[in-house]
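Engineer: I'm passing along query.cif; it holds mmCIF, N, CA and C atoms and all ligand atoms.
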```cif
data_coords
loop_
_atom_site.label_atom_id
_atom_site.label_comp_id
_atom_site.auth_asym_id
_atom_site.auth_seq_id
_atom_site.Cartn_x
_atom_site.Cartn_y
_atom_site.Cartn_z
N MET A 1 -33.72 -4.03 -32.67
CA MET A 1 -33.29 -5.15 -31.83
C MET A 1 -32.49 -4.63 -30.62
N ASP A 2 -32.73 -5.25 -29.48
CA ASP A 2 -32.08 -4.78 -28.27
C ASP A 2 -30.77 -5.52 -28.06
N CYS A 3 -29.76 -5.12 -28.82
CA CYS A 3 -28.47 -5.82 -28.75
C CYS A 3 -27.40 -4.84 -28.30
N ILE A 4 -26.77 -5.13 -27.17
CA ILE A 4 -25.79 -4.19 -26.61
C ILE A 4 -24.61 -3.94 -27.54
N PHE A 5 -24.16 -5.00 -28.25
CA PHE A 5 -23.00 -4.79 -29.12
C PHE A 5 -23.38 -4.06 -30.42
N CYS A 6 -24.64 -4.19 -30.88
CA CYS A 6 -25.10 -3.35 -31.99
C CYS A 6 -25.07 -1.89 -31.55
N LYS A 7 -25.53 -1.65 -30.32
CA LYS A 7 -25.56 -0.27 -29.82
C LYS A 7 -24.15 0.29 -29.69
N ILE A 8 -23.22 -0.55 -29.23
CA ILE A 8 -21.82 -0.12 -29.12
C ILE A 8 -21.26 0.15 -30.51
N ALA A 9 -21.53 -0.77 -31.45
CA ALA A 9 -20.98 -0.63 -32.80
C ALA A 9 -21.50 0.64 -33.48
N HIS A 10 -22.72 1.04 -33.13
CA HIS A 10 -23.30 2.24 -33.74
C HIS A 10 -23.16 3.47 -32.85
N LYS A 11 -22.31 3.35 -31.82
CA LYS A 11 -21.97 4.47 -30.93
C LYS A 11 -23.19 5.03 -30.18
N GLU A 12 -24.19 4.15 -29.97
CA GLU A 12 -25.35 4.60 -29.21
C GLU A 12 -25.07 4.51 -27.72
N ILE A 13 -24.13 3.63 -27.35
CA ILE A 13 -23.64 3.62 -25.98
C ILE A 13 -22.12 3.61 -26.03
N PRO A 14 -21.48 4.22 -25.00
CA PRO A 14 -20.03 4.40 -25.07
C PRO A 14 -19.25 3.11 -24.87
N SER A 15 -18.06 3.09 -25.44
CA SER A 15 -17.14 1.99 -25.21
C SER A 15 -15.74 2.52 -25.50
N HIS A 16 -14.74 1.70 -25.18
CA HIS A 16 -13.36 2.12 -25.43
C HIS A 16 -12.92 1.59 -26.79
N VAL A 17 -13.17 2.40 -27.81
CA VAL A 17 -12.86 1.99 -29.18
C VAL A 17 -11.36 2.17 -29.44
N ILE A 18 -10.70 1.12 -29.92
CA ILE A 18 -9.29 1.26 -30.29
C ILE A 18 -9.06 1.02 -31.78
N TYR A 19 -10.10 0.52 -32.46
CA TYR A 19 -9.96 0.22 -33.89
C TYR A 19 -11.33 0.33 -34.55
N GLU A 20 -11.34 0.79 -35.79
CA GLU A 20 -12.61 0.84 -36.53
C GLU A 20 -12.33 0.79 -38.03
N ASP A 21 -13.15 0.03 -38.75
CA ASP A 21 -13.14 0.12 -40.22
C ASP A 21 -14.59 0.08 -40.68
N ASP A 22 -14.84 -0.13 -41.97
CA ASP A 22 -16.21 -0.03 -42.49
C ASP A 22 -17.16 -1.05 -41.86
N ASP A 23 -16.65 -2.25 -41.59
CA ASP A 23 -17.53 -3.34 -41.16
C ASP A 23 -17.35 -3.79 -39.72
N ALA A 24 -16.27 -3.33 -39.08
CA ALA A 24 -15.97 -3.87 -37.74
C ALA A 24 -15.44 -2.78 -36.81
N ILE A 25 -15.54 -3.11 -35.54
CA ILE A 25 -15.03 -2.20 -34.52
C ILE A 25 -14.26 -3.03 -33.50
N GLY A 26 -13.20 -2.47 -32.95
CA GLY A 26 -12.43 -3.14 -31.90
C GLY A 26 -12.55 -2.34 -30.63
N ILE A 27 -13.08 -2.97 -29.57
CA ILE A 27 -13.26 -2.27 -28.29
C ILE A 27 -12.53 -3.01 -27.19
N LEU A 28 -12.10 -2.27 -26.18
CA LEU A 28 -11.49 -2.94 -25.03
C LEU A 28 -12.57 -3.64 -24.22
N ASP A 29 -12.32 -4.88 -23.84
CA ASP A 29 -13.27 -5.63 -23.01
C ASP A 29 -13.39 -4.92 -21.66
N ILE A 30 -14.63 -4.80 -21.21
CA ILE A 30 -14.89 -4.08 -19.96
C ILE A 30 -14.35 -4.84 -18.74
N HIS A 31 -14.18 -6.15 -18.87
CA HIS A 31 -13.56 -6.97 -17.81
C HIS A 31 -12.35 -7.69 -18.39
N PRO A 32 -11.27 -6.94 -18.61
CA PRO A 32 -10.13 -7.54 -19.31
C PRO A 32 -9.47 -8.67 -18.55
N ARG A 33 -9.12 -9.74 -19.28
CA ARG A 33 -8.39 -10.87 -18.69
C ARG A 33 -6.89 -10.67 -18.80
N THR A 34 -6.48 -9.84 -19.75
CA THR A 34 -5.07 -9.44 -19.85
C THR A 34 -5.08 -7.97 -20.30
N PRO A 35 -3.99 -7.25 -20.08
CA PRO A 35 -3.95 -5.86 -20.53
C PRO A 35 -4.12 -5.78 -22.05
N GLY A 36 -5.08 -4.95 -22.49
CA GLY A 36 -5.31 -4.80 -23.92
C GLY A 36 -6.31 -5.80 -24.48
N HIS A 37 -6.95 -6.60 -23.61
CA HIS A 37 -7.98 -7.57 -24.05
C HIS A 37 -9.03 -6.82 -24.88
N THR A 38 -9.11 -7.21 -26.13
CA THR A 38 -9.95 -6.49 -27.10
C THR A 38 -10.99 -7.42 -27.70
N LEU A 39 -12.14 -6.85 -28.03
CA LEU A 39 -13.19 -7.59 -28.74
C LEU A 39 -13.37 -6.96 -30.11
N VAL A 40 -13.32 -7.77 -31.14
CA VAL A 40 -13.62 -7.28 -32.49
C VAL A 40 -15.03 -7.72 -32.83
N LEU A 41 -15.90 -6.75 -33.16
CA LEU A 41 -17.29 -7.08 -33.48
C LEU A 41 -17.68 -6.53 -34.85
N PRO A 42 -18.47 -7.31 -35.59
CA PRO A 42 -18.99 -6.74 -36.83
C PRO A 42 -19.98 -5.63 -36.51
N LYS A 43 -20.06 -4.63 -37.38
CA LYS A 43 -21.01 -3.54 -37.16
C LYS A 43 -22.44 -3.99 -37.45
N PHE A 44 -22.57 -5.04 -38.27
CA PHE A 44 -23.90 -5.59 -38.55
C PHE A 44 -24.20 -6.68 -37.52
N HIS A 45 -25.49 -6.90 -37.24
CA HIS A 45 -25.81 -7.92 -36.24
C HIS A 45 -25.63 -9.32 -36.80
N ALA A 46 -24.91 -10.12 -36.04
CA ALA A 46 -24.75 -11.55 -36.34
C ALA A 46 -24.51 -12.21 -34.98
N ALA A 47 -25.32 -13.19 -34.64
CA ALA A 47 -25.16 -13.83 -33.34
C ALA A 47 -23.86 -14.63 -33.29
N SER A 48 -23.50 -15.21 -34.43
CA SER A 48 -22.29 -16.03 -34.48
C SER A 48 -21.79 -16.07 -35.91
N ILE A 49 -20.68 -16.78 -36.15
CA ILE A 49 -20.17 -16.84 -37.53
C ILE A 49 -21.17 -17.51 -38.47
N ASP A 50 -22.11 -18.29 -37.91
CA ASP A 50 -23.15 -18.92 -38.75
C ASP A 50 -23.93 -17.87 -39.53
N ASP A 51 -24.05 -16.68 -38.95
CA ASP A 51 -24.90 -15.63 -39.54
C ASP A 51 -24.12 -14.64 -40.40
N VAL A 52 -22.82 -14.84 -40.53
CA VAL A 52 -22.01 -13.89 -41.30
C VAL A 52 -21.93 -14.37 -42.75
N PRO A 53 -22.28 -13.51 -43.71
CA PRO A 53 -22.14 -13.91 -45.11
C PRO A 53 -20.67 -14.27 -45.38
N PRO A 54 -20.45 -15.37 -46.12
CA PRO A 54 -19.06 -15.82 -46.34
C PRO A 54 -18.14 -14.73 -46.86
N GLU A 55 -18.68 -13.85 -47.71
CA GLU A 55 -17.82 -12.81 -48.30
C GLU A 55 -17.41 -11.75 -47.28
N LYS A 56 -18.05 -11.77 -46.10
CA LYS A 56 -17.69 -10.80 -45.06
C LYS A 56 -16.67 -11.35 -44.07
N MET A 57 -16.48 -12.66 -44.08
CA MET A 57 -15.59 -13.27 -43.08
C MET A 57 -14.14 -12.80 -43.23
N GLY A 58 -13.73 -12.66 -44.48
CA GLY A 58 -12.34 -12.25 -44.73
C GLY A 58 -12.08 -10.87 -44.15
N ASP A 59 -13.02 -9.96 -44.36
CA ASP A 59 -12.85 -8.60 -43.84
C ASP A 59 -12.81 -8.59 -42.32
N LEU A 60 -13.65 -9.45 -41.74
CA LEU A 60 -13.70 -9.51 -40.27
C LEU A 60 -12.35 -9.98 -39.71
N PHE A 61 -11.78 -10.98 -40.34
CA PHE A 61 -10.49 -11.46 -39.86
C PHE A 61 -9.35 -10.52 -40.27
N GLY A 62 -9.61 -9.70 -41.27
CA GLY A 62 -8.67 -8.61 -41.57
C GLY A 62 -8.65 -7.62 -40.41
N ALA A 63 -9.83 -7.36 -39.83
CA ALA A 63 -9.90 -6.46 -38.67
C ALA A 63 -9.16 -7.07 -37.47
N VAL A 64 -9.32 -8.39 -37.30
CA VAL A 64 -8.60 -9.08 -36.21
C VAL A 64 -7.09 -8.90 -36.40
N LYS A 65 -6.65 -9.09 -37.60
CA LYS A 65 -5.22 -8.94 -37.89
C LYS A 65 -4.75 -7.51 -37.61
N SER A 66 -5.53 -6.53 -38.01
CA SER A 66 -5.15 -5.13 -37.77
C SER A 66 -5.04 -4.84 -36.28
N VAL A 67 -5.98 -5.39 -35.50
CA VAL A 67 -5.92 -5.18 -34.05
C VAL A 67 -4.69 -5.85 -33.44
N VAL A 68 -4.39 -7.05 -33.92
CA VAL A 68 -3.19 -7.75 -33.43
C VAL A 68 -1.94 -6.91 -33.72
N ILE A 69 -1.87 -6.38 -34.91
CA ILE A 69 -0.70 -5.56 -35.28
C ILE A 69 -0.61 -4.33 -34.38
N LEU A 70 -1.76 -3.69 -34.15
CA LEU A 70 -1.80 -2.50 -33.30
C LEU A 70 -1.34 -2.81 -31.87
N LEU A 71 -1.92 -3.88 -31.30
CA LEU A 71 -1.58 -4.22 -29.91
C LEU A 71 -0.12 -4.66 -29.78
N LYS A 72 0.35 -5.36 -30.80
CA LYS A 72 1.75 -5.80 -30.80
C LYS A 72 2.68 -4.59 -30.77
N GLU A 73 2.34 -3.64 -31.60
CA GLU A 73 3.18 -2.42 -31.69
C GLU A 73 3.14 -1.63 -30.39
N LYS A 74 1.96 -1.50 -29.79
CA LYS A 74 1.81 -0.60 -28.64
C LYS A 74 2.12 -1.26 -27.30
N LEU A 75 1.84 -2.56 -27.18
CA LEU A 75 1.98 -3.21 -25.86
C LEU A 75 3.10 -4.24 -25.80
N SER A 76 3.66 -4.59 -26.93
CA SER A 76 4.77 -5.56 -27.01
C SER A 76 4.52 -6.85 -26.22
N PRO A 77 3.40 -7.51 -26.44
CA PRO A 77 3.17 -8.79 -25.74
C PRO A 77 4.08 -9.87 -26.32
N ASP A 78 4.16 -10.99 -25.59
CA ASP A 78 4.95 -12.12 -26.09
C ASP A 78 4.15 -12.98 -27.07
N GLY A 79 2.82 -12.84 -27.04
CA GLY A 79 1.96 -13.63 -27.94
C GLY A 79 0.52 -13.19 -27.77
N PHE A 80 -0.39 -13.95 -28.36
CA PHE A 80 -1.82 -13.63 -28.26
C PHE A 80 -2.63 -14.92 -28.12
N SER A 81 -3.74 -14.85 -27.40
CA SER A 81 -4.78 -15.87 -27.51
C SER A 81 -5.94 -15.20 -28.25
N ILE A 82 -6.43 -15.86 -29.29
CA ILE A 82 -7.48 -15.28 -30.12
C ILE A 82 -8.59 -16.32 -30.25
N GLY A 83 -9.81 -15.95 -29.88
CA GLY A 83 -10.86 -16.97 -29.95
C GLY A 83 -12.27 -16.43 -29.85
N ILE A 84 -13.19 -17.32 -30.17
CA ILE A 84 -14.62 -16.99 -30.15
C ILE A 84 -15.33 -17.97 -29.22
N ASN A 85 -16.13 -17.46 -28.30
CA ASN A 85 -17.05 -18.33 -27.57
C ASN A 85 -18.31 -18.44 -28.43
N HIS A 86 -18.46 -19.58 -29.08
CA HIS A 86 -19.53 -19.76 -30.07
C HIS A 86 -20.67 -20.55 -29.43
N GLY A 87 -21.72 -19.84 -29.01
CA GLY A 87 -22.87 -20.49 -28.38
C GLY A 87 -22.74 -20.52 -26.87
N GLU A 88 -23.91 -20.57 -26.23
CA GLU A 88 -23.96 -20.54 -24.76
C GLU A 88 -23.12 -21.65 -24.12
N ALA A 89 -23.18 -22.85 -24.70
CA ALA A 89 -22.45 -23.99 -24.12
C ALA A 89 -20.96 -23.74 -24.11
N ALA A 90 -20.51 -22.88 -25.01
CA ALA A 90 -19.08 -22.56 -25.09
C ALA A 90 -18.74 -21.29 -24.31
N GLY A 91 -19.74 -20.76 -23.60
CA GLY A 91 -19.46 -19.60 -22.76
C GLY A 91 -19.85 -18.26 -23.36
N GLN A 92 -20.57 -18.28 -24.50
CA GLN A 92 -20.97 -17.00 -25.09
C GLN A 92 -22.06 -16.36 -24.26
N GLU A 93 -21.80 -15.15 -23.80
CA GLU A 93 -22.78 -14.43 -22.99
C GLU A 93 -23.49 -13.35 -23.79
N VAL A 94 -22.76 -12.71 -24.68
CA VAL A 94 -23.36 -11.65 -25.50
C VAL A 94 -23.65 -12.22 -26.89
N PRO A 95 -24.94 -12.28 -27.26
CA PRO A 95 -25.29 -12.94 -28.52
C PRO A 95 -25.10 -12.06 -29.76
N HIS A 96 -23.96 -11.45 -29.83
CA HIS A 96 -23.52 -10.71 -31.04
C HIS A 96 -22.06 -11.11 -31.21
N LEU A 97 -21.76 -11.70 -32.36
CA LEU A 97 -20.41 -12.23 -32.61
C LEU A 97 -19.31 -11.26 -32.19
N HIS A 98 -18.34 -11.80 -31.48
CA HIS A 98 -17.16 -10.99 -31.13
C HIS A 98 -15.97 -11.93 -31.02
N ILE A 99 -14.86 -11.45 -31.49
CA ILE A 99 -13.63 -12.24 -31.42
C ILE A 99 -12.77 -11.65 -30.32
N HIS A 100 -12.45 -12.50 -29.34
CA HIS A 100 -11.58 -12.05 -28.24
C HIS A 100 -10.13 -12.06 -28.73
N ILE A 101 -9.43 -10.98 -28.46
CA ILE A 101 -8.00 -10.91 -28.74
C ILE A 101 -7.32 -10.56 -27.42
N MET A 102 -6.59 -11.54 -26.88
CA MET A 102 -5.94 -11.31 -25.59
C MET A 102 -4.43 -11.33 -25.75
N PRO A 103 -3.80 -10.17 -25.57
CA PRO A 103 -2.34 -10.17 -25.56
C PRO A 103 -1.86 -11.06 -24.42
N ARG A 104 -0.77 -11.79 -24.65
CA ARG A 104 -0.27 -12.71 -23.65
C ARG A 104 1.21 -12.44 -23.35
N TRP A 105 1.56 -12.70 -22.09
CA TRP A 105 2.95 -12.58 -21.66
C TRP A 105 3.38 -13.91 -21.07
N ARG A 106 4.63 -14.22 -21.21
CA ARG A 106 5.12 -15.53 -20.77
C ARG A 106 4.76 -15.82 -19.32
N ASP A 107 4.76 -14.78 -18.48
CA ASP A 107 4.54 -15.00 -17.04
C ASP A 107 3.13 -14.62 -16.61
N ASP A 108 2.15 -14.61 -17.53
CA ASP A 108 0.81 -14.12 -17.13
C ASP A 108 -0.03 -15.18 -16.42
N GLY A 109 0.46 -16.40 -16.34
CA GLY A 109 -0.24 -17.42 -15.55
C GLY A 109 -1.40 -18.07 -16.27
N GLY A 110 -1.69 -17.66 -17.48
CA GLY A 110 -2.82 -18.23 -18.22
C GLY A 110 -2.44 -19.51 -18.95
N GLY A 111 -3.47 -20.19 -19.45
CA GLY A 111 -3.22 -21.42 -20.20
C GLY A 111 -3.45 -21.21 -21.69
N CYS A 112 -3.40 -22.30 -22.42
CA CYS A 112 -3.65 -22.23 -23.85
C CYS A 112 -5.14 -22.46 -24.13
N ILE A 113 -5.57 -22.16 -25.33
CA ILE A 113 -6.99 -22.31 -25.68
C ILE A 113 -7.48 -23.74 -25.47
N GLN A 114 -6.65 -24.73 -25.76
CA GLN A 114 -7.07 -26.13 -25.61
C GLN A 114 -7.38 -26.49 -24.16
N SER A 115 -6.89 -25.71 -23.21
CA SER A 115 -7.07 -26.06 -21.80
C SER A 115 -8.48 -25.76 -21.28
N ILE A 116 -9.35 -25.17 -22.11
CA ILE A 116 -10.70 -24.83 -21.63
C ILE A 116 -11.62 -26.04 -21.53
N ALA A 117 -11.25 -27.15 -22.13
CA ALA A 117 -12.10 -28.34 -22.05
C ALA A 117 -11.24 -29.59 -22.02
N GLU A 118 -11.81 -30.63 -21.40
CA GLU A 118 -11.08 -31.89 -21.35
C GLU A 118 -11.96 -32.98 -21.96
N TYR A 119 -11.35 -33.93 -22.62
CA TYR A 119 -12.15 -34.84 -23.41
C TYR A 119 -11.47 -36.20 -23.49
N LYS A 120 -12.19 -37.22 -23.04
CA LYS A 120 -11.56 -38.54 -23.04
C LYS A 120 -12.51 -39.61 -23.55
N LYS A 121 -13.49 -39.25 -24.40
CA LYS A 121 -14.50 -40.24 -24.82
C LYS A 121 -14.09 -40.99 -26.07
N GLU A 122 -14.69 -40.61 -27.19
CA GLU A 122 -14.37 -41.36 -28.41
C GLU A 122 -12.95 -41.08 -28.87
N SER A 123 -12.44 -42.05 -29.64
CA SER A 123 -11.11 -41.86 -30.22
C SER A 123 -11.20 -40.88 -31.37
N VAL A 124 -10.08 -40.38 -31.78
CA VAL A 124 -10.02 -39.47 -32.93
C VAL A 124 -10.58 -40.17 -34.17
N GLU A 125 -10.27 -41.48 -34.32
CA GLU A 125 -10.75 -42.23 -35.49
C GLU A 125 -12.28 -42.29 -35.50
N GLU A 126 -12.88 -42.54 -34.33
CA GLU A 126 -14.35 -42.63 -34.24
C GLU A 126 -15.00 -41.28 -34.59
N ILE A 127 -14.45 -40.24 -34.07
CA ILE A 127 -14.99 -38.91 -34.35
C ILE A 127 -14.85 -38.58 -35.83
N LYS A 128 -13.71 -38.92 -36.38
CA LYS A 128 -13.49 -38.64 -37.81
C LYS A 128 -14.57 -39.31 -38.65
N LYS A 129 -14.89 -40.60 -38.31
CA LYS A 129 -15.91 -41.33 -39.06
C LYS A 129 -17.24 -40.57 -39.03
N LYS A 130 -17.61 -40.06 -37.84
CA LYS A 130 -18.87 -39.35 -37.70
C LYS A 130 -18.87 -38.09 -38.55
N ILE A 131 -17.73 -37.42 -38.59
CA ILE A 131 -17.68 -36.13 -39.26
C ILE A 131 -17.68 -36.26 -40.77
N ILE A 132 -16.95 -37.24 -41.28
CA ILE A 132 -16.81 -37.28 -42.74
C ILE A 132 -17.78 -38.26 -43.42
N SER A 133 -18.56 -39.04 -42.63
CA SER A 133 -19.47 -40.01 -43.29
C SER A 133 -20.74 -39.32 -43.77
P1 LIG B 1 -18.55 -13.85 -24.26
O1 LIG B 1 -18.57 -14.78 -23.09
O2 LIG B 1 -17.61 -14.28 -25.34
O3 LIG B 1 -19.94 -13.53 -24.78
O4 LIG B 1 -17.91 -12.51 -23.71
C1 LIG B 1 -18.55 -11.30 -23.61
C2 LIG B 1 -17.48 -10.32 -23.25
O5 LIG B 1 -18.00 -9.02 -23.43
C3 LIG B 1 -17.03 -10.42 -21.78
O6 LIG B 1 -15.63 -10.62 -21.75
C4 LIG B 1 -17.46 -9.08 -21.19
O7 LIG B 1 -16.53 -8.60 -20.26
C5 LIG B 1 -17.53 -8.19 -22.43
N1 LIG B 1 -18.47 -7.09 -22.33
C6 LIG B 1 -19.76 -7.14 -21.95
N2 LIG B 1 -20.32 -5.91 -22.02
C7 LIG B 1 -19.36 -5.09 -22.47
C8 LIG B 1 -19.30 -3.68 -22.76
N3 LIG B 1 -20.38 -2.90 -22.58
N4 LIG B 1 -18.14 -3.15 -23.19
C9 LIG B 1 -17.06 -3.94 -23.35
N5 LIG B 1 -17.04 -5.27 -23.11
C10 LIG B 1 -18.17 -5.83 -22.66
ZN ZN B 2 -26.09 -7.08 -32.40
#
```
Would you mind writing the file out in structure tokens?
Ligand code: AMP
Ligand code: ZN
Structural biologist:
Amino acid sequence: MDCIFCKIAHKEIPSHVIYEDDDAIGILDIHPRTPGHTLVLPKFHAASIDDVPPEKMGDLFGAVKSVVILLKEKLSPDGFSIGINHGEAAGQEVPHLHIHIMPRWRDDGGGCIQSIAEYKKESVEEIKKKIIS
């Protein structure tokens, strides 16, 4: 399969690796939005969390936690934004699951994760009915 992140995970093409375990790798984003902007990717191909076996999810988020601890220790940020662009409509460009970890500083000028979309249609009650019925 011609997947750039599979190739990165298997060291077939170079990247700035800052973390690695049996199932995941942490690389610096080539276009960082904040200093230390890291992507955690599974070494196995999965387009999104839909394709990750449930028993592997815990390990993947263990890798996210390890990267957060590492970046906290080395860069001393004030906080982190951590998220996944899941699907093209949500801004996913590389179709191999990756979790963005962005160290944040109080004065970095960025917003919170909720600020990426605005929504004023159905009420929370209406949406809840759709979801749980
Ligand atoms: P997304 O929109 O979540 O699919 O984001 C893809 C991210 O991957 C972007 O932030 C890119 O800057 C980053 N990216 C793409 N190619 C590479 C690469 N070869 N090495 C590191 N990061 C990359
Ligand atoms: Zn892949």
Engineer: So which residues are near ligand LIG 1 (chain B), meaning at most 5 Å away with only N, CA and C atoms and all ligand atoms counted, given back as a ChimeraX atom specification?
Structural biologist: /A:28-31,85,91-94
Engineer: Tell me which of A:Ile25, A:Ala90, A:Ile132, A:Ala46 sits closest to ligand ZN 2 (chain B), counting only C-alpha atoms and all ligand atoms.
Structural biologist: A:Ala46
Engineer: Go ahead and find all residues with at least one atom no further than 7 Å from (-14.4, -14.4, -34.5) in the file's coordinates, using all atoms listed in the file; report them as a ChimeraX atom specification.
Structural biologist: /A:40,49,83-84,97-100
Engineer: Taking only region 17-123 of chain A into account, list the residues labelled helix (DSSP H, G or I) by DSSP (computed from the backbone), as number ranges by chain.
Structural biologist: A: 49-51, 54-75, 88-90, 113-116
Engineer: Nearest to Ile4 (chain A): which of A:His86, A:His96, A:Lys56, A:Ile18 is it, counting all atoms listed in the file?
Structural biologist: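 Nearest candidate to Ile4 (chain A) out of A:His86, A:His96, A:Lys56, A:Ile18: A:His96.
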Engineer: Quick one: which chain A residues come within 8 Å of ligand ZN 2 (chain B), and what is the nearest atom pair for each with the distance in Å to one decimal, counting only N, CA and C atoms and all ligand atoms, rows ordered by chain and ascending number, as CSV?
Structural biologist:
```
residue,atom,partner,partner_atom,distance
A:Met1,C,B:ZN2,ZN,7.1
A:Asp2,C,B:ZN2,ZN,6.6
A:Cys3,CA,B:ZN2,ZN,4.5
A:Ile4,N,B:ZN2,ZN,5.6
A:Phe5,C,B:ZN2,ZN,4.5
A:Cys6,N,B:ZN2,ZN,3.6
A:Lys7,N,B:ZN2,ZN,5.8
A:Ile8,N,B:ZN2,ZN,7.8
A:Ala9,N,B:ZN2,ZN,7.8
A:Pro42,C,B:ZN2,ZN,7.5
A:Lys43,C,B:ZN2,ZN,7.0
A:Phe44,C,B:ZN2,ZN,5.5
A:His45,CA,B:ZN2,ZN,3.9
A:Ala46,N,B:ZN2,ZN,4.9
A:Ala47,N,B:ZN2,ZN,6.6
A:Val94,C,B:ZN2,ZN,7.9
A:Pro95,C,B:ZN2,ZN,5.7
A:His96,CA,B:ZN2,ZN,4.7
A:Leu97,N,B:ZN2,ZN,6.3
```
Engineer: May I have the selected residues written with N, CA and C atoms, as a compact mmCIF listing (two decimals), in the frame of the given file?
Structural biologist:
```txt
# COMPACT_ATOMS: atom_id res chain seq x y z
N MET A 1 -33.72 -4.03 -32.67
CA MET A 1 -33.29 -5.15 -31.83
C MET A 1 -32.49 -4.63 -30.62
N ASP A 2 -32.73 -5.25 -29.48
CA ASP A 2 -32.08 -4.78 -28.27
C ASP A 2 -30.77 -5.52 -28.06
N CYS A 3 -29.76 -5.12 -28.82
CA CYS A 3 -28.47 -5.82 -28.75
C CYS A 3 -27.40 -4.84 -28.30
N ILE A 4 -26.77 -5.13 -27.17
CA ILE A 4 -25.79 -4.19 -26.61
C ILE A 4 -24.61 -3.94 -27.54
N PHE A 5 -24.16 -5.00 -28.25
CA PHE A 5 -23.00 -4.79 -29.12
C PHE A 5 -23.38 -4.06 -30.42
N CYS A 6 -24.64 -4.19 -30.88
CA CYS A 6 -25.10 -3.35 -31.99
C CYS A 6 -25.07 -1.89 -31.55
N LYS A 7 -25.53 -1.65 -30.32
CA LYS A 7 -25.56 -0.27 -29.82
C LYS A 7 -24.15 0.29 -29.69
N ILE A 8 -23.22 -0.55 -29.23
CA ILE A 8 -21.82 -0.12 -29.12
C ILE A 8 -21.26 0.15 -30.51
N ALA A 9 -21.53 -0.77 -31.45
CA ALA A 9 -20.98 -0.63 -32.80
C ALA A 9 -21.50 0.64 -33.48
N PRO A 42 -18.47 -7.31 -35.59
CA PRO A 42 -18.99 -6.74 -36.83
C PRO A 42 -19.98 -5.63 -36.51
N LYS A 43 -20.06 -4.63 -37.38
CA LYS A 43 -21.01 -3.54 -37.16
C LYS A 43 -22.44 -3.99 -37.45
N PHE A 44 -22.57 -5.04 -38.27
CA PHE A 44 -23.90 -5.59 -38.55
C PHE A 44 -24.20 -6.68 -37.52
N HIS A 45 -25.49 -6.90 -37.24
CA HIS A 45 -25.81 -7.92 -36.24
C HIS A 45 -25.63 -9.32 -36.80
N ALA A 46 -24.91 -10.12 -36.04
CA ALA A 46 -24.75 -11.55 -36.34
C ALA A 46 -24.51 -12.21 -34.98
N ALA A 47 -25.32 -13.19 -34.64
CA ALA A 47 -25.16 -13.83 -33.34
C ALA A 47 -23.86 -14.63 -33.29
N VAL A 94 -22.76 -12.71 -24.68
CA VAL A 94 -23.36 -11.65 -25.50
C VAL A 94 -23.65 -12.22 -26.89
N PRO A 95 -24.94 -12.28 -27.26
CA PRO A 95 -25.29 -12.94 -28.52
C PRO A 95 -25.10 -12.06 -29.76
N HIS A 96 -23.96 -11.45 -29.83
CA HIS A 96 -23.52 -10.71 -31.04
C HIS A 96 -22.06 -11.11 -31.21
N LEU A 97 -21.76 -11.70 -32.36
CA LEU A 97 -20.41 -12.23 -32.61
C LEU A 97 -19.31 -11.26 -32.19
```
Engineer: Between CA of Thr34 (chain A) and CA of Pro103 (chain A), measure the distance and give it in Å to one decimal.
Structural biologist: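 Value for the CA of Thr34 (chain A)-CA of Pro103 (chain A) distance: 6.4 Å.
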Engineer: Mind listing the strand (DSSP E or B) residues of region 9-107 of chain A, per DSSP on the backbone, as a list in words?
Structural biologist: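 After running DSSP on the backbone, region 9-107 of chain A has strand (DSSP E or B) at Val17, Ile18, Tyr19, Glu20, Ala24, Ile25, Gly26, Ile27, Leu28, Thr38, Leu39, Val40, Leu41, Pro42, Gly79, Phe80, Ser81, Ile82, Gly83, Ile99, His100, Ile101, Met102, Pro103 and Arg104 of chain A.
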Engineer: What is the atom C of Phe80 (chain A)-atom C of Phe61 (chain A) distance in Å, reported with one decimal?
Structural biologist: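 Atom-to-atom, atom C of Phe80 (chain A) to atom C of Phe61 (chain A), that is 14.6 Å.
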Engineer: Within 6.5 Å of Asp78 (chain A), counting all atoms listed in the file, which residues qualify if same-chain residues fewer than 4 places away don't, as number ranges by chain?
Structural biologist: A: 103-106
Engineer: Counting all atoms listed in the file, which residue out of A:Val124, A:Leu71, A:Ile113, A:Ala89 sits closest to Gly36 (chain A)?
Structural biologist: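 Among the listed residues, A:Leu71 lies closest to Gly36 (chain A).
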Engineer: Go through A:Asp21, A:Ser48, A:Lys129, A:Ala63 and flag the residue nearest Gly87 (chain A), using only N, CA and C atoms for the distances.
Structural biologist: A:Ser48
Engineer: For atom C of Ser81 (chain A) and atom C of Ile101 (chain A), determine how far apart the two atoms are, in Å to one decimal place.
Structural biologist: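 According to the coordinates, atom C of Ser81 (chain A) and atom C of Ile101 (chain A) are separated by 4.9 Å.
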Engineer: Please put the answer as AutoDock Vina command-line options: centre and edge lengths, in Å with one decimal, of a box along x, y and z that encloses all listed atoms of region 40-46 of chain A plus 4 Å on each side.
Structural biologist:
```
--center_x -19.6 --center_y -7.9 --center_z -34.8 --size_x 20.5 --size_y 16.7 --size_z 15.4
```
